[in-house]
file model04.cif (mmCIF, C-alpha atoms)
data_work
#
loop_
_atom_site.label_atom_id
_atom_site.label_comp_id
_atom_site.auth_asym_id
_atom_site.auth_seq_id
_atom_site.Cartn_x
_atom_site.Cartn_y
_atom_site.Cartn_z
CA MET A 22 6.06 -0.19 -19.65
CA LYS A 23 3.75 2.79 -19.50
CA LEU A 24 3.30 3.84 -15.87
CA SER A 25 1.21 6.38 -14.05
CA ILE A 26 2.63 7.44 -10.70
CA ILE A 27 -0.23 8.87 -8.65
CA VAL A 28 1.02 11.01 -5.79
CA ALA A 29 -1.24 11.21 -2.71
CA PRO A 30 0.77 13.31 -0.23
CA TYR A 31 -1.56 13.10 2.76
CA ASP A 32 -1.08 11.99 6.37
CA SER A 33 -4.12 11.84 8.66
CA GLY A 34 -5.94 14.44 6.58
CA ARG A 35 -2.98 16.82 6.34
CA ARG A 36 -1.23 17.49 3.07
CA HIS A 37 2.58 17.47 2.87
CA GLU A 38 3.03 16.73 6.58
CA GLY A 39 4.60 13.68 8.21
CA PHE A 40 4.09 10.66 5.97
CA GLY A 41 2.58 13.10 3.49
CA LYS A 42 6.12 14.25 2.69
CA GLY A 43 7.11 10.73 1.69
CA PRO A 44 5.79 10.64 -1.90
CA ASP A 45 7.60 13.84 -2.88
CA ALA A 46 10.78 12.61 -1.18
CA LEU A 47 10.65 9.43 -3.26
CA LEU A 48 10.30 11.49 -6.42
CA SER A 49 13.03 13.97 -5.52
CA GLY A 50 15.21 10.98 -4.64
CA GLY A 51 15.32 10.00 -8.30
CA LEU A 52 12.49 7.47 -8.67
CA VAL A 53 11.24 8.73 -12.04
CA GLU A 54 14.78 8.99 -13.40
CA MET A 55 15.59 5.42 -12.33
CA LEU A 56 12.41 4.08 -13.91
CA THR A 57 13.01 6.05 -17.11
CA LEU A 58 16.58 4.77 -17.37
CA ASN A 59 15.15 1.27 -17.19
CA GLY A 60 12.94 1.89 -20.20
CA HIS A 61 9.63 2.91 -18.60
CA ASP A 62 7.37 5.70 -19.84
CA VAL A 63 6.40 7.52 -16.63
CA ALA A 64 3.62 10.07 -16.15
CA VAL A 65 3.23 11.70 -12.73
CA GLU A 66 -0.18 12.79 -11.45
CA GLU A 67 -0.65 14.48 -8.06
CA ILE A 68 -3.76 14.60 -5.91
CA GLY A 69 -4.23 18.28 -5.17
CA LYS A 70 -5.56 20.03 -2.11
CA ILE A 71 -8.88 18.61 -0.94
CA LYS A 72 -10.95 21.75 -0.43
CA GLY A 73 -13.61 22.48 2.15
CA LEU A 74 -12.74 19.75 4.66
CA ASP A 75 -10.32 21.67 6.90
CA ASP A 76 -7.91 18.72 7.23
CA ARG A 77 -10.47 16.51 8.96
CA GLU A 78 -8.85 13.09 9.00
CA ILE A 79 -11.75 10.79 8.14
CA ALA A 80 -13.50 12.99 5.58
CA THR A 81 -10.23 13.98 3.92
CA GLY A 82 -8.90 10.42 3.95
CA PHE A 83 -11.89 9.08 2.05
CA ALA A 84 -11.93 12.10 -0.28
CA VAL A 85 -8.32 11.25 -1.18
CA CYS A 86 -9.43 7.66 -1.85
CA LYS A 87 -12.09 8.95 -4.22
CA ALA A 88 -9.58 11.15 -6.05
CA VAL A 89 -7.11 8.26 -6.34
CA ALA A 90 -9.81 5.94 -7.70
CA GLU A 91 -10.60 8.45 -10.42
CA LYS A 92 -6.92 8.87 -11.33
CA VAL A 93 -6.45 5.10 -11.50
CA VAL A 94 -9.40 4.74 -13.88
CA GLU A 95 -7.91 7.46 -16.10
CA SER A 96 -4.50 5.75 -16.02
CA GLU A 97 -5.90 2.39 -17.05
CA ALA A 98 -7.88 4.04 -19.87
CA GLU A 99 -4.54 5.38 -21.16
CA GLY A 100 -2.97 1.93 -20.92
CA ARG A 101 -0.78 2.85 -17.96
CA PHE A 102 -0.04 0.64 -14.97
CA PRO A 103 -1.02 2.58 -11.82
CA VAL A 104 1.47 3.09 -8.99
CA VAL A 105 0.19 5.06 -6.01
CA LEU A 106 2.68 6.79 -3.71
CA ALA A 107 0.67 7.38 -0.54
CA GLY A 108 1.23 8.81 2.88
CA ASN A 109 -1.46 6.67 4.49
CA CYS A 110 -2.40 3.02 3.91
CA LEU A 111 -6.10 3.88 3.72
CA THR A 112 -5.43 5.40 0.30
CA THR A 113 -5.07 1.87 -1.05
CA CYS A 114 -8.88 1.56 -0.87
CA GLY A 115 -9.03 4.12 -3.66
CA ALA A 116 -6.57 2.17 -5.78
CA VAL A 117 -8.47 -1.08 -5.19
CA ALA A 118 -11.69 0.65 -6.28
CA GLY A 119 -10.21 2.21 -9.41
CA GLU A 120 -8.66 -1.08 -10.48
CA SER A 121 -11.78 -3.18 -9.73
CA ALA A 122 -9.41 -5.41 -7.78
CA ASP A 123 -10.93 -8.61 -6.40
CA SER A 124 -7.94 -9.57 -4.25
CA ILE A 125 -5.16 -7.90 -2.30
CA ILE A 126 -1.65 -8.62 -1.02
CA TRP A 127 -0.81 -6.48 2.00
CA PHE A 128 2.85 -6.15 3.08
CA ASP A 129 2.92 -4.41 6.45
CA GLN A 130 4.47 -4.82 9.89
CA HIS A 131 1.01 -3.94 11.24
CA GLY A 132 -2.26 -5.76 10.64
CA ASP A 133 -4.24 -2.59 9.82
CA ILE A 134 -7.31 -4.68 10.61
CA ASN A 135 -8.70 -2.87 13.65
CA THR A 136 -12.19 -1.39 13.51
CA PRO A 137 -13.64 1.56 15.44
CA ASP A 138 -14.86 -0.98 18.01
CA THR A 139 -11.46 -2.62 18.55
CA SER A 140 -8.87 0.10 17.92
CA PRO A 141 -7.06 1.07 21.14
CA HIS A 142 -6.06 4.46 19.69
CA GLY A 143 -8.77 5.25 17.12
CA PHE A 144 -6.08 5.53 14.44
CA LEU A 145 -7.84 5.51 11.07
CA ASP A 146 -4.87 4.11 9.19
CA GLY A 147 -4.85 1.13 11.54
CA MET A 148 -8.23 0.25 10.00
CA ALA A 149 -7.09 0.46 6.37
CA LEU A 150 -7.09 -3.25 5.53
CA ALA A 151 -10.29 -3.76 7.53
CA THR A 152 -11.90 -1.06 5.36
CA ALA A 153 -10.71 -2.71 2.14
CA LEU A 154 -12.24 -5.99 3.35
CA GLY A 155 -15.58 -4.36 4.20
CA LEU A 156 -15.25 -4.81 7.96
CA CYS A 157 -15.73 -1.15 8.86
CA TRP A 158 -16.42 2.34 7.45
CA ARG A 159 -18.75 0.76 4.88
CA PRO A 160 -20.78 3.86 3.95
CA MET A 161 -17.61 5.91 3.43
CA ALA A 162 -15.89 3.15 1.45
CA ASN A 163 -18.95 2.46 -0.69
CA ALA A 164 -18.94 6.13 -1.72
CA ILE A 165 -15.57 5.59 -3.45
CA PRO A 166 -16.36 5.12 -7.17
CA GLY A 167 -16.06 1.45 -8.09
CA PHE A 168 -15.38 0.19 -4.57
CA HIS A 169 -16.28 -3.40 -3.75
CA ALA A 170 -15.04 -4.98 -0.54
CA VAL A 171 -12.44 -7.70 -1.05
CA ASP A 172 -13.36 -11.15 0.24
CA PRO A 173 -10.99 -11.94 3.17
CA ALA A 174 -10.33 -15.33 1.53
CA ARG A 175 -8.68 -13.41 -1.31
CA CYS A 176 -6.42 -11.39 0.98
CA MET A 177 -2.80 -12.18 1.83
CA LEU A 178 -1.18 -10.42 4.80
CA VAL A 179 2.62 -10.51 4.69
CA ASP A 180 4.95 -10.13 7.70
CA ALA A 181 2.47 -8.49 10.07
CA ARG A 182 4.40 -8.80 13.34
CA ASP A 183 3.04 -5.91 15.41
CA LEU A 184 -0.58 -6.81 16.13
CA ASP A 185 -3.07 -5.64 18.74
CA PRO A 186 -4.85 -8.41 20.72
CA ASP A 187 -8.16 -7.86 18.92
CA GLU A 188 -6.39 -7.99 15.57
CA LYS A 189 -4.86 -11.35 16.49
CA ASP A 190 -8.28 -12.65 17.46
CA LEU A 191 -9.87 -11.45 14.23
CA LEU A 192 -7.08 -12.87 12.10
CA ASP A 193 -7.57 -16.23 13.80
CA ARG A 194 -11.21 -16.17 12.71
CA LEU A 195 -10.88 -14.87 9.16
CA PRO A 196 -9.65 -16.91 6.16
CA ILE A 197 -6.89 -14.38 5.40
CA ILE A 198 -3.69 -16.00 4.12
CA ARG A 199 -0.89 -15.20 6.59
CA SER A 200 2.72 -15.32 5.48
CA GLU A 201 6.20 -14.16 6.27
CA VAL A 202 8.18 -12.75 3.37
CA GLY A 203 10.24 -15.91 2.98
CA GLU A 204 7.09 -18.04 2.56
CA ALA A 205 5.27 -15.69 0.22
CA ALA A 206 6.29 -17.46 -2.98
CA ASP A 207 4.50 -20.61 -1.88
CA LYS A 208 1.55 -19.14 -0.01
CA VAL A 209 0.52 -16.66 -2.70
CA LEU A 210 -0.81 -19.57 -4.74
CA GLY A 211 -3.67 -19.67 -2.24
CA LEU A 212 -4.99 -16.46 -3.81
CA LYS A 213 -5.34 -18.19 -7.18
CA GLU A 214 -7.10 -21.10 -5.51
CA ALA A 215 -9.51 -18.58 -3.95
CA GLY A 216 -10.35 -17.17 -7.39
CA ALA A 217 -8.17 -14.05 -7.59
CA HIS A 218 -8.19 -12.45 -11.05
CA ARG A 219 -7.22 -8.83 -10.35
CA THR A 220 -4.83 -8.39 -7.44
CA HIS A 221 -3.64 -5.17 -5.86
CA LEU A 222 -0.20 -5.18 -4.22
CA HIS A 223 0.14 -2.90 -1.19
CA ILE A 224 3.55 -2.39 0.39
CA ASP A 225 3.74 -0.39 3.60
CA LEU A 226 7.43 0.36 3.64
CA ASP A 227 7.66 -0.19 7.39
CA VAL A 228 7.44 -3.91 6.67
CA HIS A 229 11.24 -3.64 6.45
CA ASP A 230 13.48 -4.36 9.41
CA PRO A 231 14.36 -0.84 10.65
CA ASP A 232 17.92 -2.01 11.34
CA GLU A 233 18.17 -2.48 7.57
CA LEU A 234 15.92 0.35 6.32
CA GLN A 235 14.35 2.93 8.63
CA VAL A 236 11.21 4.38 7.02
CA ASN A 237 9.21 5.92 9.89
CA ARG A 238 8.94 6.27 13.65
CA TYR A 239 6.61 3.29 14.03
CA ALA A 240 8.97 0.70 12.60
CA ARG A 241 9.84 -2.05 15.07
CA SER A 242 12.73 -4.50 15.03
CA GLY A 243 12.46 -7.69 13.05
CA GLY A 244 11.12 -8.15 9.57
CA PRO A 245 12.80 -8.64 6.21
CA ASN A 246 15.64 -6.73 4.60
CA PRO A 247 15.17 -4.79 1.33
CA ASP A 248 16.51 -7.64 -0.81
CA ALA A 249 13.93 -10.04 0.62
CA VAL A 250 11.05 -7.59 0.12
CA ARG A 251 12.18 -6.88 -3.44
CA GLU A 252 12.38 -10.57 -4.30
CA ALA A 253 8.99 -11.27 -2.72
CA ALA A 254 7.36 -8.42 -4.66
CA SER A 255 8.85 -9.75 -7.88
CA CYS A 256 7.54 -13.21 -7.02
CA MET A 257 4.05 -11.76 -6.56
CA ALA A 258 4.30 -10.21 -10.03
CA ARG A 259 5.20 -13.59 -11.54
CA SER A 260 2.59 -15.57 -9.60
CA VAL A 261 -0.71 -13.66 -9.60
CA PRO A 262 -2.35 -11.05 -11.88
CA ILE A 263 -1.16 -7.79 -10.28
CA VAL A 264 -3.13 -4.80 -11.59
CA GLY A 265 -1.72 -2.03 -9.40
CA LEU A 266 0.81 -1.13 -6.70
CA THR A 267 0.68 1.13 -3.67
CA LEU A 268 3.71 2.20 -1.63
CA SER A 269 2.98 3.95 1.66
CA ALA A 270 4.10 5.23 5.06
CA TYR A 271 7.53 6.73 4.31
CA ASP A 272 8.47 9.64 6.56
CA PRO A 273 11.73 11.17 5.28
CA ALA A 274 12.36 12.76 8.69
CA PHE A 275 13.44 9.30 9.88
CA ASP A 276 15.69 8.58 6.90
CA ALA A 277 18.70 10.75 7.66
CA LYS A 278 20.94 9.05 5.09
CA GLY A 279 18.35 9.11 2.29
CA GLU A 280 18.46 5.33 1.92
CA VAL A 281 14.77 4.74 1.24
CA PRO A 282 14.32 6.34 -2.22
CA PRO A 283 17.02 4.26 -3.94
CA ALA A 284 15.76 1.11 -2.20
CA VAL A 285 12.23 1.83 -3.46
CA GLY A 286 13.62 2.48 -6.92
CA ARG A 287 15.35 -0.90 -6.98
CA LEU A 288 12.18 -2.58 -5.69
CA MET A 289 10.09 -1.05 -8.45
CA VAL A 290 12.59 -1.80 -11.21
CA ASP A 291 12.73 -5.50 -10.27
CA PHE A 292 8.97 -5.73 -9.68
CA LEU A 293 8.15 -4.18 -13.06
CA ALA A 294 10.71 -6.36 -14.84
CA ALA A 295 8.99 -9.41 -13.37
CA LEU A 296 5.60 -8.03 -14.38
CA GLU A 297 6.74 -7.44 -17.96
CA ARG A 298 7.99 -11.01 -18.31
CA ILE A 299 4.52 -12.49 -17.76
#
call {"tool": "encode", "arguments": {"input": "model04.cif", "output": "structure tokens"}}
result
Amino acid sequence: MKLSIIVAPYDSGRRHEGFGKGPDALLSGGLVEMLTLNGHDVAVEEIGKIKGLDDREIATGFAVCKAVAEKVVESEAEGRFPVVLAGNCLTTCGAVAGESADSIIWFDQHGDINTPDTSPHGFLDGMALATALGLCWRPMANAIPGFHAVDPARCMLVDARDLDPDEKDLLDRLPIIRSEVGEAADKVLGLKEAGAHRTHLHIDLDVHDPDELQVNRYARSGGPNPDAVREAASCMARSVPIVGLTLSAYDPAFDAKGEVPPAVGRLMVDFLAALERI
């Protein structure tokens, strides 16, 4: 398969800091080599320094989304499947825009569905899914080329176990499909029933149980092991029309043994094999 790996090495507006070091660590950990050995044609594109914004989190975050959207459009024009390696989850809004995705599967231990009115910490990345669904930051999101908010009925949230009270309340009121990893194979069919035709798959790597795979400082106990996440991602590829993939939130400072890059490589190899068999 022809792939475009789009590298967005930003964390809260800062380039190559914190989670922003994760994309490069995945690449230096042998991701391209593993994909190439498995028969894939891989091109790597990096989002460069966003100039003139002085690392302001909100402005830079949405500027990165815009740059990612443009790279995704270019990748699809070249017949390449887009894979975004991101520091922050918000970057997925750019991928969704570039792909003209009408549905989304969101693997994450967090809900990422706070808004500026509900967030206890004002953390922009905790509003990433809410932004993709058009619940907040609408003017900024609508400035991303090709962005259209995803209908919550065509959203599947997988293994979100660390939720703020307002997030729990909102999720009770929205028609978002909730699932644990083990149920995903059955529940994903609800996306088709809701009319999904172009689905983006977002995997925040802290969905993993940190006792099995430690990816950042926010990871809390519980959650699936890498084998379960890999199988669920492959199931998504076989079940719904996946048009792009984002992997986010890896901080190599919390991966002393370097276990995350090979685990991500195995995940991608199996996911792409499932995608190719459709």
call {"tool": "closest_residue", "arguments": {"input": "model04.cif", "among": "A:Cys176, A:Val209, A:Ile134, A:Ala162", "to": "Leu191 of chain A", "atoms": "all atoms listed in the file"}}
result
A:Ile134
call {"tool": "closest_residue", "arguments": {"input": "model04.cif", "among": "A:His218, A:Trp127, A:Arg175, A:Pro160", "to": "Ala254 of chain A", "atoms": "all atoms listed in the file"}}
result
A:Trp127
call {"tool": "atom_distance", "arguments": {"input": "model04.cif", "atom1": "atom CA of Glu95 of chain A", "atom2": "atom CA of Asn163 of chain A"}}
result
19.6 Å
call {"tool": "resolve_selection", "arguments": {"input": "model04.cif", "expression": "the PyMOL selection byres ((chain A and resi 145-159) around 10)", "output": "PyMOL selection string"}}
result
chain A and resi 32-33+78-79+82-83+108-115+117-118+124-125+127+131-144+160-164+168-176+178+188+223+270
call {"tool": "residues_around", "arguments": {"input": "model04.cif", "residues": "segment 263-265 of chain A", "least_positions_apart": "6", "cutoff": "6 Å", "atoms": "only C-alpha atoms", "output": "JSON, numbers by chain"}}
result
{"A": [103, 219, 220, 221]}
call {"tool": "resolve_selection", "arguments": {"input": "model04.cif", "expression": "the PyMOL selection byres ((chain A and resi 244) around 6)", "output": "VMD selection string"}}
result
chain A and resid 229 to 230 243 245
call {"tool": "resolve_selection", "arguments": {"input": "model04.cif", "expression": "the PyMOL selection byres ((chain A and resi 130) around 8)", "output": "PyMOL selection string"}}
result
chain A and resi 128-129+131-132+179-183+225+227-229+240-241+244
call {"tool": "closest_residue", "arguments": {"input": "model04.cif", "among": "A:Gly60, A:Gly43, A:Pro30, A:Gly167", "to": "Val93 of chain A", "atoms": "all atoms listed in the file"}}
result
A:Gly167
call {"tool": "closest_residue", "arguments": {"input": "model04.cif", "among": "A:Met22, A:Leu210, A:Ile165, A:Ala46", "to": "Pro262 of chain A", "atoms": "only C-alpha atoms"}}
result
A:Leu210
call {"tool": "residues_around", "arguments": {"input": "model04.cif", "residues": "Ala274 of chain A", "least_positions_apart": "3", "cutoff": "12 Å", "atoms": "only C-alpha atoms", "output": "list in words"}}
result
Glu38, Gly39, Phe40, Gly41, Lys42, Gly43, Ala46, Gln235, Val236, Asn237, Arg238, Ala270, Tyr271, Ala277, Lys278, Gly279, Glu280 and Val281 of chain A
call {"tool": "residues_near_point", "arguments": {"input": "model04.cif", "point": "(11.9, -11.6, 1.4)", "cutoff": "10 Å", "atoms": "all atoms listed in the file", "output": "ChimeraX atom specification"}}
result
/A:179-180,201-206,229,244-256
call {"tool": "atom_distance", "arguments": {"input": "model04.cif", "atom1": "atom CA of Arg259 of chain A", "atom2": "atom CA of Asp232 of chain A"}}
result
28.6 Å
call {"tool": "closest_residue", "arguments": {"input": "model04.cif", "among": "A:Ala116, A:Val261, A:Leu56, A:Leu234", "to": "Gly216 of chain A", "atoms": "all atoms listed in the file"}}
result
A:Val261
call {"tool": "closest_residue", "arguments": {"input": "model04.cif", "among": "A:Val104, A:Arg36, A:Asp45, A:Lys92", "to": "Leu293 of chain A", "atoms": "only C-alpha atoms"}}
result
A:Val104
call {"tool": "atom_distance", "arguments": {"input": "model04.cif", "atom1": "atom CA of Pro282 of chain A", "atom2": "atom CA of Leu48 of chain A"}}
result
7.8 Å
call {"tool": "residues_near_point", "arguments": {"input": "model04.cif", "point": "(-9.8, -0.2, -13.6)", "cutoff": "7 Å", "atoms": "all atoms listed in the file", "output": "PyMOL selection string"}}
result
chain A and resi 93-94+97+119-121
call {"tool": "write_last_selection", "arguments": {"input": "model04.cif", "atoms": "C-alpha atoms", "output": "PDB file, keeping the file's coordinate frame"}}
result
ATOM      1  CA  VAL A  93      -6.450   5.100 -11.500  1.00  0.00           C
ATOM      2  CA  VAL A  94      -9.400   4.740 -13.880  1.00  0.00           C
ATOM      3  CA  GLU A  97      -5.900   2.390 -17.050  1.00  0.00           C
ATOM      4  CA  GLY A 119     -10.210   2.210  -9.410  1.00  0.00           C
ATOM      5  CA  GLU A 120      -8.660  -1.080 -10.480  1.00  0.00           C
ATOM      6  CA  SER A 121     -11.780  -3.180  -9.730  1.00  0.00           C
TER       7      SER A 121
END
call {"tool": "axis_aligned_box", "arguments": {"input": "model04.cif", "around": "segment 116-127 of chain A", "padding_each_side": "6 Å", "output": "JSON"}}
result
{"center_x": -6.3, "center_y": -3.7, "center_z": -4.2, "size_x": 23.0, "size_y": 23.8, "size_z": 24.5}
